[in-house]
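Shown here: run.txt, compact mmCIF, C-alpha atoms and all ligand atoms.
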# COMPACT_ATOMS: atom_id res chain seq x y z
CA MET A 1 0.00 0.00 0.00
CA GLN A 2 1.29 3.47 -0.83
CA ARG A 3 2.44 5.58 2.14
CA ARG A 4 -0.17 8.26 1.46
CA HIS A 5 -2.90 5.64 1.51
CA LEU A 6 -1.64 4.06 4.69
CA LEU A 7 -1.50 7.37 6.53
CA SER A 8 -4.95 8.47 5.51
CA ALA A 9 -6.27 5.00 6.24
CA VAL A 10 -4.85 5.22 9.76
CA SER A 11 -6.67 8.50 10.30
CA ALA A 12 -9.82 6.93 8.84
CA ALA A 13 -9.47 4.06 11.30
CA SER A 14 -9.15 6.42 14.24
CA LEU A 15 -12.16 8.33 12.94
CA PHE A 16 -14.14 5.14 13.30
CA GLY A 17 -13.09 4.79 16.92
CA ILE A 18 -10.32 2.26 16.34
CA THR A 19 -7.18 3.38 18.11
CA GLY A 20 -3.75 2.23 19.18
CA ALA A 21 -1.99 -0.79 17.74
CA ASN A 22 -5.18 -1.93 16.01
CA ALA A 23 -5.31 1.14 13.82
CA ALA A 24 -2.22 0.38 11.79
CA LYS A 25 -3.23 -3.26 11.36
CA LEU A 26 -6.79 -2.47 10.38
CA ALA A 27 -5.67 0.40 8.19
CA LEU A 28 -4.33 -2.19 5.79
CA ASP A 29 -7.93 -2.91 4.98
CA THR A 30 -9.49 0.56 4.95
CA ARG A 31 -9.00 3.31 2.42
CA PRO A 32 -10.07 6.95 2.44
CA LEU A 33 -13.07 7.77 0.28
CA PRO A 34 -12.31 9.05 -3.21
CA GLU A 35 -12.29 12.83 -3.49
CA ASP A 36 -15.60 14.65 -3.99
CA LYS A 37 -14.15 16.21 -7.13
CA LEU A 38 -14.16 12.78 -8.77
CA ALA A 39 -17.87 12.34 -7.99
CA GLU A 40 -18.56 15.59 -9.82
CA ARG A 41 -16.17 15.02 -12.71
CA ASN A 42 -16.77 11.33 -13.33
CA PRO A 43 -19.52 9.80 -11.20
CA GLU A 44 -19.14 6.32 -12.73
CA ALA A 45 -15.45 6.23 -11.81
CA TYR A 46 -16.32 7.48 -8.31
CA TRP A 47 -18.88 4.74 -7.64
CA LYS A 48 -16.61 2.09 -9.15
CA LYS A 49 -13.92 3.09 -6.67
CA ILE A 50 -16.46 3.01 -3.85
CA ARG A 51 -17.37 -0.58 -4.67
CA GLU A 52 -13.81 -1.72 -5.18
CA GLU A 53 -12.17 0.08 -2.27
CA GLN A 54 -14.87 0.37 0.38
CA PHE A 55 -16.53 -3.05 0.22
CA PHE A 56 -15.35 -6.64 0.36
CA LEU A 57 -17.62 -7.57 -2.57
CA PRO A 58 -15.92 -9.72 -5.20
CA ASN A 59 -16.16 -8.67 -8.79
CA TRP A 60 -18.23 -11.73 -9.73
CA ARG A 61 -21.11 -11.05 -7.34
CA ALA A 62 -24.17 -9.22 -8.65
CA PHE A 63 -26.05 -8.32 -5.49
CA LEU A 64 -29.58 -7.04 -6.12
CA ASN A 65 -31.20 -7.91 -2.80
CA ASN A 66 -30.11 -5.13 -0.49
CA GLY A 67 -33.73 -4.86 0.65
CA SER A 68 -33.39 -8.06 2.65
CA LEU A 69 -30.05 -7.23 4.27
CA GLY A 70 -27.43 -4.67 3.25
CA VAL A 71 -23.70 -5.13 2.93
CA ALA A 72 -21.41 -3.67 5.57
CA PRO A 73 -18.57 -1.65 4.07
CA ARG A 74 -14.96 -2.13 5.16
CA PRO A 75 -14.86 0.62 7.82
CA VAL A 76 -17.91 -0.95 9.46
CA VAL A 77 -16.48 -4.45 9.51
CA ARG A 78 -13.25 -3.01 10.83
CA ALA A 79 -15.04 -1.04 13.57
CA VAL A 80 -16.77 -4.23 14.75
CA ALA A 81 -13.60 -6.32 14.58
CA GLY A 82 -11.56 -3.58 16.23
CA TYR A 83 -14.03 -3.28 19.08
CA LEU A 84 -14.11 -7.03 19.62
CA GLU A 85 -10.34 -7.11 19.67
CA GLN A 86 -10.12 -4.28 22.18
CA SER A 87 -12.80 -5.96 24.29
CA ALA A 88 -10.88 -9.19 24.33
CA GLY A 89 -7.81 -7.27 25.52
CA LEU A 90 -9.81 -5.40 28.20
CA THR A 91 -8.02 -2.22 27.19
CA MET A 92 -10.98 0.12 27.66
CA ASP A 93 -12.11 1.73 30.89
CA TYR A 94 -15.69 0.48 30.70
CA TYR A 95 -17.38 -2.86 30.26
CA PRO A 96 -17.42 -3.77 26.57
CA ARG A 97 -21.09 -4.66 26.41
CA TRP A 98 -24.49 -3.11 26.26
CA GLY A 99 -27.80 -4.19 27.72
CA TYR A 100 -27.72 -2.11 30.90
CA GLU A 101 -26.21 1.13 29.56
CA ALA A 102 -28.09 4.08 28.07
CA MET A 103 -25.36 4.83 25.45
CA GLU A 104 -26.23 8.52 25.62
CA GLU A 105 -23.48 9.71 23.31
CA GLN A 106 -24.38 7.31 20.53
CA ARG A 107 -28.11 7.99 20.89
CA GLN A 108 -27.36 11.70 20.63
CA GLU A 109 -25.62 11.06 17.31
CA LEU A 110 -28.53 8.96 16.03
CA ALA A 111 -31.03 11.61 17.12
CA ARG A 112 -29.06 14.32 15.35
CA PHE A 113 -28.91 12.36 12.11
CA TYR A 114 -32.45 10.98 12.13
CA GLY A 115 -34.08 14.16 13.39
CA CYS A 116 -35.58 13.45 16.79
CA LYS A 117 -34.67 13.91 20.45
CA LYS A 118 -32.09 11.65 22.06
CA GLU A 119 -34.71 10.83 24.70
CA GLU A 120 -36.96 9.37 21.99
CA ILE A 121 -34.56 6.88 20.40
CA ALA A 122 -33.28 3.48 21.50
CA PHE A 123 -31.01 0.82 20.07
CA MET A 124 -32.68 -2.45 19.11
CA HIS A 125 -31.46 -5.48 17.16
CA ASN A 126 -33.80 -5.04 14.21
CA ALA A 127 -37.20 -3.73 13.17
CA THR A 128 -38.88 -6.97 14.29
CA GLU A 129 -37.75 -6.41 17.87
CA ALA A 130 -38.78 -2.76 17.75
CA LEU A 131 -42.22 -3.62 16.30
CA CYS A 132 -42.79 -6.29 18.94
CA THR A 133 -41.72 -3.87 21.68
CA ILE A 134 -44.27 -1.36 20.41
CA ALA A 135 -47.12 -3.79 19.78
CA ALA A 136 -46.69 -5.61 23.09
CA GLY A 137 -46.29 -2.37 25.04
CA ILE A 138 -49.38 -0.38 23.99
CA ASP A 139 -52.38 -0.74 26.32
CA LEU A 140 -55.11 -2.43 24.30
CA LYS A 141 -58.12 -4.42 25.43
CA ALA A 142 -60.26 -7.11 23.79
CA GLY A 143 -62.28 -5.64 20.94
CA ASP A 144 -59.87 -2.77 20.24
CA GLU A 145 -58.97 -2.71 16.57
CA VAL A 146 -55.60 -2.40 14.87
CA LEU A 147 -55.65 -1.46 11.21
CA LEU A 148 -52.89 -2.74 8.91
CA THR A 149 -52.28 -2.77 5.18
CA ASP A 150 -52.35 -6.05 3.26
CA GLN A 151 -48.72 -5.38 2.28
CA GLU A 152 -47.12 -5.63 5.71
CA HIS A 153 -44.01 -7.72 6.28
CA PRO A 154 -44.65 -10.81 8.49
CA SER A 155 -42.94 -8.92 11.33
CA GLY A 156 -45.41 -6.04 10.97
CA ARG A 157 -48.27 -8.56 11.19
CA GLY A 158 -46.99 -11.12 13.68
CA CYS A 159 -46.46 -8.52 16.40
CA TRP A 160 -50.21 -7.76 16.33
CA GLN A 161 -51.44 -11.30 15.63
CA ILE A 162 -49.91 -12.46 18.91
CA ARG A 163 -52.01 -9.86 20.72
CA GLN A 164 -55.06 -10.96 18.80
CA ALA A 165 -54.44 -14.56 19.96
CA ARG A 166 -53.66 -13.57 23.55
CA HIS A 167 -55.76 -10.50 24.27
CA GLY A 168 -58.61 -10.63 21.78
CA ILE A 169 -57.83 -7.43 19.87
CA SER A 170 -59.11 -7.43 16.32
CA LEU A 171 -57.10 -6.85 13.16
CA ARG A 172 -58.27 -5.52 9.84
CA GLU A 173 -56.27 -5.14 6.65
CA VAL A 174 -56.68 -2.43 4.04
CA LYS A 175 -55.99 -3.55 0.48
CA ILE A 176 -53.32 -1.47 -1.26
CA PRO A 177 -53.79 -1.22 -5.04
CA LEU A 178 -50.71 -2.30 -7.01
CA PRO A 179 -49.69 0.01 -8.45
CA PRO A 180 -51.67 2.81 -6.76
CA LYS A 181 -52.93 5.80 -8.73
CA SER A 182 -51.61 8.47 -6.36
CA ALA A 183 -50.39 9.18 -2.85
CA GLY A 184 -53.74 10.80 -2.10
CA GLN A 185 -55.53 7.56 -2.97
CA LEU A 186 -53.41 5.70 -0.38
CA THR A 187 -54.13 8.25 2.36
CA ASP A 188 -57.86 8.17 1.58
CA LEU A 189 -57.95 4.37 1.66
CA LEU A 190 -56.22 4.07 5.03
CA ILE A 191 -57.93 6.97 6.75
CA GLY A 192 -61.31 6.04 5.26
CA ALA A 193 -60.95 2.57 6.80
CA ILE A 194 -60.69 3.90 10.37
CA GLY A 195 -63.72 2.73 12.30
CA PRO A 196 -65.19 3.41 15.74
CA ARG A 197 -63.04 0.72 17.41
CA THR A 198 -59.77 1.52 15.63
CA ARG A 199 -57.11 2.40 18.19
CA VAL A 200 -53.95 1.87 16.15
CA LEU A 201 -52.93 2.25 12.52
CA SER A 202 -49.77 0.25 11.82
CA PHE A 203 -48.18 0.51 8.38
CA SER A 204 -44.84 0.46 6.58
CA GLY A 205 -43.29 3.71 5.38
CA ILE A 206 -41.80 1.80 2.47
CA LEU A 207 -43.75 -1.36 1.68
CA SER A 208 -41.66 -4.50 1.81
CA PRO A 209 -43.10 -6.42 -1.17
CA THR A 210 -43.00 -3.53 -3.65
CA GLY A 211 -40.81 -0.72 -2.28
CA LEU A 212 -43.72 1.72 -2.55
CA VAL A 213 -43.05 4.89 -0.51
CA MET A 214 -46.18 5.80 1.43
CA PRO A 215 -47.40 9.37 2.12
CA ILE A 216 -46.39 9.01 5.76
CA ARG A 217 -46.96 12.51 7.06
CA GLU A 218 -50.41 12.84 5.51
CA ILE A 219 -51.51 9.46 6.89
CA CYS A 220 -50.11 10.09 10.39
CA ASP A 221 -51.60 13.58 10.64
CA ALA A 222 -55.02 12.42 9.50
CA ALA A 223 -54.95 9.44 11.89
CA ARG A 224 -53.90 11.69 14.78
CA ALA A 225 -56.80 14.03 14.02
CA LYS A 226 -59.07 11.01 14.54
CA GLY A 227 -57.36 10.04 17.82
CA VAL A 228 -55.66 6.97 16.33
CA ILE A 229 -52.13 5.92 17.39
CA THR A 230 -49.72 5.49 14.46
CA VAL A 231 -47.02 2.82 14.35
CA LEU A 232 -44.60 3.19 11.48
CA ASP A 233 -42.62 0.21 10.25
CA GLY A 234 -39.59 2.05 8.92
CA ALA A 235 -37.46 -1.04 8.23
CA HIS A 236 -36.60 0.25 4.74
CA MET A 237 -36.36 3.92 5.57
CA HIS A 238 -33.09 4.52 7.46
CA GLY A 239 -30.45 5.12 4.81
CA GLN A 240 -32.72 4.69 1.81
CA ILE A 241 -34.63 7.97 1.96
CA ALA A 242 -33.98 11.24 3.75
CA PHE A 243 -36.38 12.10 6.58
CA ARG A 244 -36.55 13.85 9.92
CA THR A 245 -38.29 11.47 12.32
CA SER A 246 -40.05 14.22 14.25
CA GLU A 247 -41.54 15.50 10.98
CA LEU A 248 -43.13 12.17 10.08
CA GLY A 249 -45.87 12.69 12.63
CA CYS A 250 -45.94 9.08 13.88
CA ASP A 251 -46.25 7.93 17.48
CA TYR A 252 -43.80 5.05 17.19
CA MET A 253 -41.31 3.90 14.59
CA ALA A 254 -39.22 0.77 14.04
CA GLY A 255 -36.04 0.69 11.96
CA SER A 256 -33.49 -1.74 10.53
CA PRO A 257 -30.39 0.29 9.62
CA HIS A 258 -28.68 -2.97 8.66
CA LYS A 259 -30.62 -2.77 5.38
CA TRP A 260 -29.72 0.64 3.91
CA ALA A 261 -27.62 2.55 6.48
CA PHE A 262 -24.50 0.35 6.22
CA ALA A 263 -24.93 -1.13 9.71
CA PRO A 264 -23.83 -4.71 10.37
CA ALA A 265 -26.56 -7.35 10.77
CA GLY A 266 -28.36 -7.15 14.11
CA CYS A 267 -28.79 -3.38 14.36
CA GLY A 268 -32.24 -1.86 14.82
CA LEU A 269 -33.88 1.31 16.10
CA LEU A 270 -36.94 2.18 18.13
CA TYR A 271 -38.47 5.67 18.14
CA ILE A 272 -41.04 6.65 20.76
CA ARG A 273 -42.60 10.10 20.43
CA GLU A 274 -41.90 12.01 23.62
CA GLU A 275 -45.52 12.12 24.79
CA ASN A 276 -45.65 8.29 24.69
CA LEU A 277 -42.46 7.55 26.64
CA GLU A 278 -44.30 6.79 29.85
CA LYS A 279 -47.27 5.10 28.19
CA LEU A 280 -45.40 2.21 26.54
CA TRP A 281 -44.75 -0.92 28.63
CA PRO A 282 -41.36 -2.62 28.21
CA SER A 283 -41.58 -6.33 27.38
CA ILE A 284 -38.07 -7.26 28.44
CA ALA A 285 -37.44 -6.15 31.99
CA SER A 286 -34.40 -5.89 34.22
CA GLY A 287 -33.66 -3.51 37.10
CA SER A 288 -34.47 -0.28 35.28
CA TRP A 289 -37.70 -1.29 33.55
CA ASN A 290 -39.64 1.35 35.50
CA ASN A 291 -36.98 4.05 35.62
CA GLU A 292 -38.75 6.62 33.49
CA ASP A 293 -35.83 9.04 33.81
CA LEU A 294 -34.03 6.85 31.27
CA LYS A 295 -36.61 7.84 28.64
CA ALA A 296 -36.33 5.56 25.56
CA ALA A 297 -33.22 3.91 27.01
CA ARG A 298 -35.60 2.14 29.43
CA PHE A 299 -36.28 -0.17 26.48
CA MET A 300 -32.59 -1.02 26.19
CA ASN A 301 -32.45 -2.59 29.65
CA VAL A 302 -32.39 -6.03 28.09
CA GLY A 303 -29.38 -7.83 29.60
CA THR A 304 -25.85 -8.28 28.31
CA ASN A 305 -25.44 -7.83 24.59
CA ASN A 306 -22.79 -7.50 21.95
CA ARG A 307 -21.81 -3.84 21.87
CA ALA A 308 -19.46 -4.32 18.90
CA ILE A 309 -22.29 -4.33 16.37
CA PHE A 310 -23.36 -0.89 17.51
CA GLU A 311 -19.84 0.41 17.06
CA GLY A 312 -20.34 -0.87 13.52
CA MET A 313 -23.69 0.87 13.25
CA MET A 314 -22.14 4.18 14.28
CA ALA A 315 -19.32 3.64 11.76
CA GLY A 316 -22.00 2.94 9.13
CA LEU A 317 -23.67 6.22 9.95
CA LYS A 318 -20.35 8.05 9.55
CA PHE A 319 -19.78 6.30 6.23
CA LEU A 320 -23.22 7.41 5.04
CA GLU A 321 -22.57 10.98 6.17
CA GLN A 322 -19.17 11.05 4.49
CA LEU A 323 -20.62 9.85 1.21
CA GLY A 324 -23.44 12.35 1.67
CA PRO A 325 -27.04 11.11 2.03
CA GLU A 326 -28.18 13.26 -0.93
CA ARG A 327 -25.48 11.86 -3.18
CA VAL A 328 -26.35 8.33 -2.05
CA TYR A 329 -30.04 8.86 -2.71
CA ALA A 330 -29.40 10.39 -6.13
CA ARG A 331 -27.29 7.37 -7.09
CA ILE A 332 -29.55 4.62 -5.80
CA HIS A 333 -32.67 6.25 -7.20
CA GLU A 334 -31.01 6.69 -10.58
CA GLN A 335 -30.24 2.96 -10.56
CA ALA A 336 -33.79 2.14 -9.52
CA ARG A 337 -35.03 4.22 -12.46
CA TYR A 338 -32.81 2.12 -14.69
CA PHE A 339 -34.38 -1.02 -13.22
CA PHE A 340 -37.75 0.53 -13.95
CA LYS A 341 -36.87 1.28 -17.58
CA LYS A 342 -35.42 -2.19 -18.17
CA SER A 343 -38.52 -3.76 -16.59
CA GLN A 344 -40.77 -1.69 -18.87
CA GLU A 345 -38.85 -3.04 -21.86
CA CYS A 346 -38.93 -6.66 -20.64
CA PRO A 347 -41.86 -8.62 -22.16
CA HIS A 348 -41.92 -11.18 -19.32
CA VAL A 349 -42.82 -8.92 -16.42
CA ASP A 350 -45.48 -6.54 -15.14
CA LEU A 351 -44.28 -3.64 -12.99
CA LEU A 352 -45.85 -3.33 -9.55
CA THR A 353 -43.96 -0.12 -8.77
CA PRO A 354 -45.71 3.06 -9.89
CA GLY A 355 -43.83 5.30 -12.34
CA ASN A 356 -44.26 8.35 -10.10
CA ASP A 357 -40.78 9.27 -8.91
CA ALA A 358 -41.85 10.22 -5.43
CA MET A 359 -43.41 6.80 -4.87
CA PHE A 360 -40.27 4.70 -4.99
CA GLY A 361 -36.74 5.05 -3.75
CA SER A 362 -34.31 2.27 -4.50
CA LEU A 363 -36.65 -0.72 -4.77
CA VAL A 364 -38.51 -1.83 -7.88
CA THR A 365 -40.81 -4.84 -7.98
CA VAL A 366 -41.87 -6.88 -10.97
CA LYS A 367 -44.18 -9.84 -11.35
CA PHE A 368 -43.34 -12.47 -13.92
CA LYS A 369 -46.28 -13.16 -16.21
CA SER A 370 -45.62 -16.89 -16.05
CA PRO A 371 -45.25 -18.70 -12.72
CA LYS A 372 -42.64 -20.94 -14.36
CA VAL A 373 -39.50 -19.18 -13.17
CA ASP A 374 -37.47 -22.27 -12.13
CA LYS A 375 -35.16 -22.05 -15.11
CA LEU A 376 -34.49 -18.39 -14.36
CA GLN A 377 -33.74 -19.16 -10.69
CA GLU A 378 -31.26 -21.82 -11.74
CA LEU A 379 -29.50 -19.52 -14.14
CA LEU A 380 -29.39 -16.66 -11.61
CA LYS A 381 -27.77 -18.99 -9.13
CA LYS A 382 -25.24 -20.16 -11.68
CA LYS A 383 -24.33 -16.58 -12.58
CA ARG A 384 -24.19 -15.60 -8.91
CA ILE A 385 -26.91 -12.97 -9.14
CA TRP A 386 -28.88 -12.44 -5.94
CA THR A 387 -32.44 -11.10 -5.91
CA THR A 388 -35.52 -12.10 -3.96
CA GLY A 389 -36.97 -15.33 -5.42
CA GLY A 390 -40.27 -16.53 -6.87
CA GLN A 391 -42.72 -15.06 -9.35
CA GLN A 392 -42.74 -11.62 -7.74
CA VAL A 393 -39.23 -10.20 -7.57
CA ARG A 394 -37.99 -7.14 -5.71
CA LEU A 395 -34.87 -5.61 -7.20
CA SER A 396 -32.69 -3.45 -4.99
CA SER A 397 -29.79 -1.19 -5.76
CA HIS A 398 -27.28 0.37 -3.38
CA VAL A 399 -24.10 2.34 -3.93
CA HIS A 400 -22.12 -0.81 -4.75
CA THR A 401 -24.57 -1.88 -7.48
CA ARG A 402 -23.17 -1.57 -11.00
CA LYS A 403 -25.16 -0.78 -14.11
CA SER A 404 -23.68 -3.99 -15.51
CA ASP A 405 -25.31 -5.98 -12.65
CA ILE A 406 -28.70 -4.69 -13.74
CA ASP A 407 -27.95 -5.44 -17.40
CA LEU A 408 -26.77 -8.92 -16.46
CA TYR A 409 -30.02 -9.58 -14.62
CA PHE A 410 -32.16 -8.70 -17.63
CA GLU A 411 -29.87 -10.58 -20.03
CA THR A 412 -30.32 -13.62 -17.79
CA VAL A 413 -34.10 -13.20 -17.86
CA LYS A 414 -33.90 -13.16 -21.65
CA GLU A 415 -31.64 -16.20 -21.75
CA ALA A 416 -33.97 -18.18 -19.46
CA LEU A 417 -37.35 -17.10 -20.79
CA GLY A 418 -36.63 -16.09 -24.35
C1 LIG B 501 -41.23 -3.61 6.00
C2 LIG B 501 -40.41 -4.56 6.83
N1 LIG B 501 -40.63 -4.62 8.14
C3 LIG B 501 -39.91 -5.40 8.94
C4 LIG B 501 -38.91 -6.20 8.44
C5 LIG B 501 -38.11 -7.03 9.36
O1 LIG B 501 -36.83 -6.52 9.42
P1 LIG B 501 -35.74 -7.24 10.33
O2 LIG B 501 -35.55 -8.61 9.78
O3 LIG B 501 -34.54 -6.38 10.18
O4 LIG B 501 -36.28 -7.27 11.70
C6 LIG B 501 -38.65 -6.20 7.07
C7 LIG B 501 -37.58 -7.03 6.50
O5 LIG B 501 -37.39 -7.18 5.32
C8 LIG B 501 -39.42 -5.35 6.24
O6 LIG B 501 -39.23 -5.31 4.92
Before we go any further, please render this structure as structure tokens.
Amino acid sequence: MQRRHLLSAVSAASLFGITGANAAKLALDTRPLPEDKLAERNPEAYWKKIREEQFFLPNWRAFLNNGSLGVAPRPVVRAVAGYLEQSAGLTMDYYPRWGYEAMEEQRQELARFYGCKKEEIAFMHNATEALCTIAAGIDLKAGDEVLLTDQEHPSGRGCWQIRQARHGISLREVKIPLPPKSAGQLTDLLIGAIGPRTRVLSFSGILSPTGLVMPIREICDAARAKGVITVLDGAHMHGQIAFRTSELGCDYMAGSPHKWAFAPAGCGLLYIREENLEKLWPSIASGSWNNEDLKAARFMNVGTNNRAIFEGMMAGLKFLEQLGPERVYARIHEQARYFFKKSQECPHVDLLTPGNDAMFGSLVTVKFKSPKVDKLQELLKKKRIWTTGGQQVRLSSHVHTRKSDIDLYFETVKEALG
């Protein structure tokens, strides 16, 4: 490695909280980001460098399923490994764990970036855990109704179904048209479905099966005006689209930054609007379960856990900020538009994503006209292309996705289906 690279990599390592002897060792694997000037002068060269220098991805992998789980870049992997190594050496002045700590500093950083108060945000392991914490913790009695869409992820359903089975609440699903005509149509459908027993409206900000971006603010404001609690499944939101949490208008929100915000697997977020902090019951309880002074950190009192992944999550956030969230969005949306165009040209699929730019971010979903997609699946596997499987396929792009990956996917469709 050139001396200039090594030196800047060492400072990058220390930026990600890796210090001492580890820094030089880990620096061998981390590189500074390419200069901004390159992004302006030659964006393709910039993003090529990002893939080659910032990720461990081999050249032969076409990864089009970021929506299920993202890929941690090098600085994130190094932050996790560095923390584990320091923990094993007991070189820090605090216990290298979490589960009893409030992690104030890190929550402050998250709050700054995601636009809420530190008191309102807590670390979780994933959106499923956050959704279950919310659904189990809201006071509901038999006969109270929770309204969902018919496009919720199993985790956005299961968390309420368990309460239906145990406590006799009722669930009702609103059918989402695919593709919808407009954002207004979606708001009208959900708000129009609110009935006299509806206590909660629980929906995804970006729908898992199709990547459709919902008109969150409009829905939450209208539900609030009717006295209905809003629970936002934001599993696909952190890192994919820009938002300020406090401006979404929801009561609760769940997140999975390990999808789009470069966090390592096992990193989630829970948002509790300030006015609800004392209303929600924790489900996992240790000594501080009723210490309301802890605010949202009361929900992190869950017993010993692996702190290293959250060092990785914070490094992922830094990586995202260094790239620039606007630049990231512009890139991933441009790629999604390319997916859209290629899907329009492909005779084998129907698009389930609406053409309206504001209604999708980086996910595009197609449905194959024929259910016979076995040959395609086989070929995709052989060519090492990863997407979701089956007749309905969700295609995802992130900053490491190459235009050639998208072309290869559609060439493979042609090869398999003619
Ligand atoms: C909308 C939605 N909610 C919740 C989840 C669950 O996320 P996790 O597995 O990170 O808990 C997913 C995962 O794909 C999702 O798409």
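With distances restricted to all atoms listed in the file, A:Leu64 is the closest residue to Gly389 in chain A from A:Val328, A:Ala183, A:Leu64, A:Cys346.
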**Report entry** Distance filter 6 Å around ligand LIG 501 (chain B), atoms: all atoms listed in the file, out as a VMD selection string
**Finding:** chain A and resid 68 126 to 128 153 155 to 156 204 207 to 208 233 235 256
Suppose we keep C-alpha atoms; can you now write the selection as a PDB file, in the frame of the given file?
ATOM      1  CA  SER A  68     -33.390  -8.060   2.650  1.00  0.00           C
ATOM      2  CA  ASN A 126     -33.800  -5.040  14.210  1.00  0.00           C
ATOM      3  CA  ALA A 127     -37.200  -3.730  13.170  1.00  0.00           C
ATOM      4  CA  THR A 128     -38.880  -6.970  14.290  1.00  0.00           C
ATOM      5  CA  HIS A 153     -44.010  -7.720   6.280  1.00  0.00           C
ATOM      6  CA  SER A 155     -42.940  -8.920  11.330  1.00  0.00           C
ATOM      7  CA  GLY A 156     -45.410  -6.040  10.970  1.00  0.00           C
ATOM      8  CA  SER A 204     -44.840   0.460   6.580  1.00  0.00           C
ATOM      9  CA  LEU A 207     -43.750  -1.360   1.680  1.00  0.00           C
ATOM     10  CA  SER A 208     -41.660  -4.500   1.810  1.00  0.00           C
ATOM     11  CA  ASP A 233     -42.620   0.210  10.250  1.00  0.00           C
ATOM     12  CA  ALA A 235     -37.460  -1.040   8.230  1.00  0.00           C
ATOM     13  CA  SER A 256     -33.490  -1.740  10.530  1.00  0.00           C
TER      14      SER A 256
END
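Residue nearest Thr149 in chain A within the list A:Arg97, A:Gly227, A:Pro58, A:Leu232: A:Leu232 [criterion: smallest interatomic distance, all atoms listed in the file].
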Query raised in the report: Out of A:Leu294, A:Ala263, A:Leu148, A:Ala242, which residue has the shortest atom-to-atom distance to Pro325 in chain A when counting only C-alpha atoms?
Result: A:Ala242
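The interatomic distance for the pair CA of Ala81 in chain A and CA of Gly239 in chain A works out to 22.6 Å.
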Requested in this report: Select, from A:Gln377, A:Ser343, A:Trp260, A:Ala102, the residue with the minimum atom-to-atom distance to Asn66 in chain A, counting all atoms listed in the file.
Outcome: A:Trp260
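Restricting the calculation to only C-alpha atoms, the smallest distance between His348 in chain A and any of A:Phe410, A:Trp160, A:Tyr329, A:Phe63 is found for A:Phe410.
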Query raised in the report: Which residue gives the smallest distance to Lys117 in chain A among A:Ala315, A:Val302, A:Leu277, A:Val174, with all atoms listed in the file counted?
Result: A:Leu277
Query raised in the report: Can you tell me how far CA of Val71 in chain A sits from CA of Tyr271 in chain A, in Å to one decimal?
Result: 23.8 Å
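Residues of protein, DNA and RNA with at least one atom no farther than 9 Å from (-46.1, -0.3, -1.8) are, using all atoms listed in the file, Gln151, Ile176, Pro177, Leu178, Pro179, Pro180, Ser204, Gly205, Ile206, Leu207, Ser208, Pro209, Thr210, Gly211, Leu212, Val213, Met214, Leu352, Thr353, Pro354, Met359 and Phe360 of chain A.
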Restrict the selected residues to C-alpha atoms and save them as a tab-separated table (two decimals), in the coordinates of the input.
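part07.tsv, freshly written:
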chain	number	residue	atom	x	y	z
A	151	GLN	CA	-48.72	-5.38	2.28
A	176	ILE	CA	-53.32	-1.47	-1.26
A	177	PRO	CA	-53.79	-1.22	-5.04
A	178	LEU	CA	-50.71	-2.30	-7.01
A	179	PRO	CA	-49.69	0.01	-8.45
A	180	PRO	CA	-51.67	2.81	-6.76
A	204	SER	CA	-44.84	0.46	6.58
A	205	GLY	CA	-43.29	3.71	5.38
A	206	ILE	CA	-41.80	1.80	2.47
A	207	LEU	CA	-43.75	-1.36	1.68
A	208	SER	CA	-41.66	-4.50	1.81
A	209	PRO	CA	-43.10	-6.42	-1.17
A	210	THR	CA	-43.00	-3.53	-3.65
A	211	GLY	CA	-40.81	-0.72	-2.28
A	212	LEU	CA	-43.72	1.72	-2.55
A	213	VAL	CA	-43.05	4.89	-0.51
A	214	MET	CA	-46.18	5.80	1.43
A	352	LEU	CA	-45.85	-3.33	-9.55
A	353	THR	CA	-43.96	-0.12	-8.77
A	354	PRO	CA	-45.71	3.06	-9.89
A	359	MET	CA	-43.41	6.80	-4.87
A	360	PHE	CA	-40.27	4.70	-4.99
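In this model, the gap between CA of Tyr46 in chain A and CA of Leu323 in chain A comes to 10.7 Å.
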Requested in this report: Would you kindly return, as a ChimeraX atom specification, each protein, DNA or RNA residue with an atom no farther than 6 Å from any atom of Ala254 in chain A, considering only C-alpha atoms and excluding same-chain residues fewer than 5 positions away?
Outcome: /A:127,130-131,233-234,269-270
Take the residues from that selection and put them in a file with C-alpha atoms, as an mmCIF file, in the coordinates of the input.
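Generated output (again-v4.cif):
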data_model
loop_
_atom_site.group_PDB
_atom_site.id
_atom_site.type_symbol
_atom_site.label_atom_id
_atom_site.label_comp_id
_atom_site.auth_asym_id
_atom_site.auth_seq_id
_atom_site.Cartn_x
_atom_site.Cartn_y
_atom_site.Cartn_z
ATOM 1 C CA ALA A 127 -37.200 -3.730 13.170
ATOM 2 C CA ALA A 130 -38.780 -2.760 17.750
ATOM 3 C CA LEU A 131 -42.220 -3.620 16.300
ATOM 4 C CA ASP A 233 -42.620 0.210 10.250
ATOM 5 C CA GLY A 234 -39.590 2.050 8.920
ATOM 6 C CA LEU A 269 -33.880 1.310 16.100
ATOM 7 C CA LEU A 270 -36.940 2.180 18.130
#
Leu33 in chain A: which residues within 10 Å, counting all atoms listed in the file, same-chain residues fewer than 2 positions away excluded, as a compact mmCIF listing (two decimals) with C-alpha atoms, in the frame of the given file?
# COMPACT_ATOMS: atom_id res chain seq x y z
CA SER A 8 -4.95 8.47 5.51
CA ALA A 9 -6.27 5.00 6.24
CA ALA A 12 -9.82 6.93 8.84
CA THR A 30 -9.49 0.56 4.95
CA ARG A 31 -9.00 3.31 2.42
CA GLU A 35 -12.29 12.83 -3.49
CA ASP A 36 -15.60 14.65 -3.99
CA TYR A 46 -16.32 7.48 -8.31
CA LYS A 49 -13.92 3.09 -6.67
CA ILE A 50 -16.46 3.01 -3.85
CA GLU A 53 -12.17 0.08 -2.27
CA GLN A 54 -14.87 0.37 0.38
CA PHE A 319 -19.78 6.30 6.23
CA GLN A 322 -19.17 11.05 4.49
CA LEU A 323 -20.62 9.85 1.21
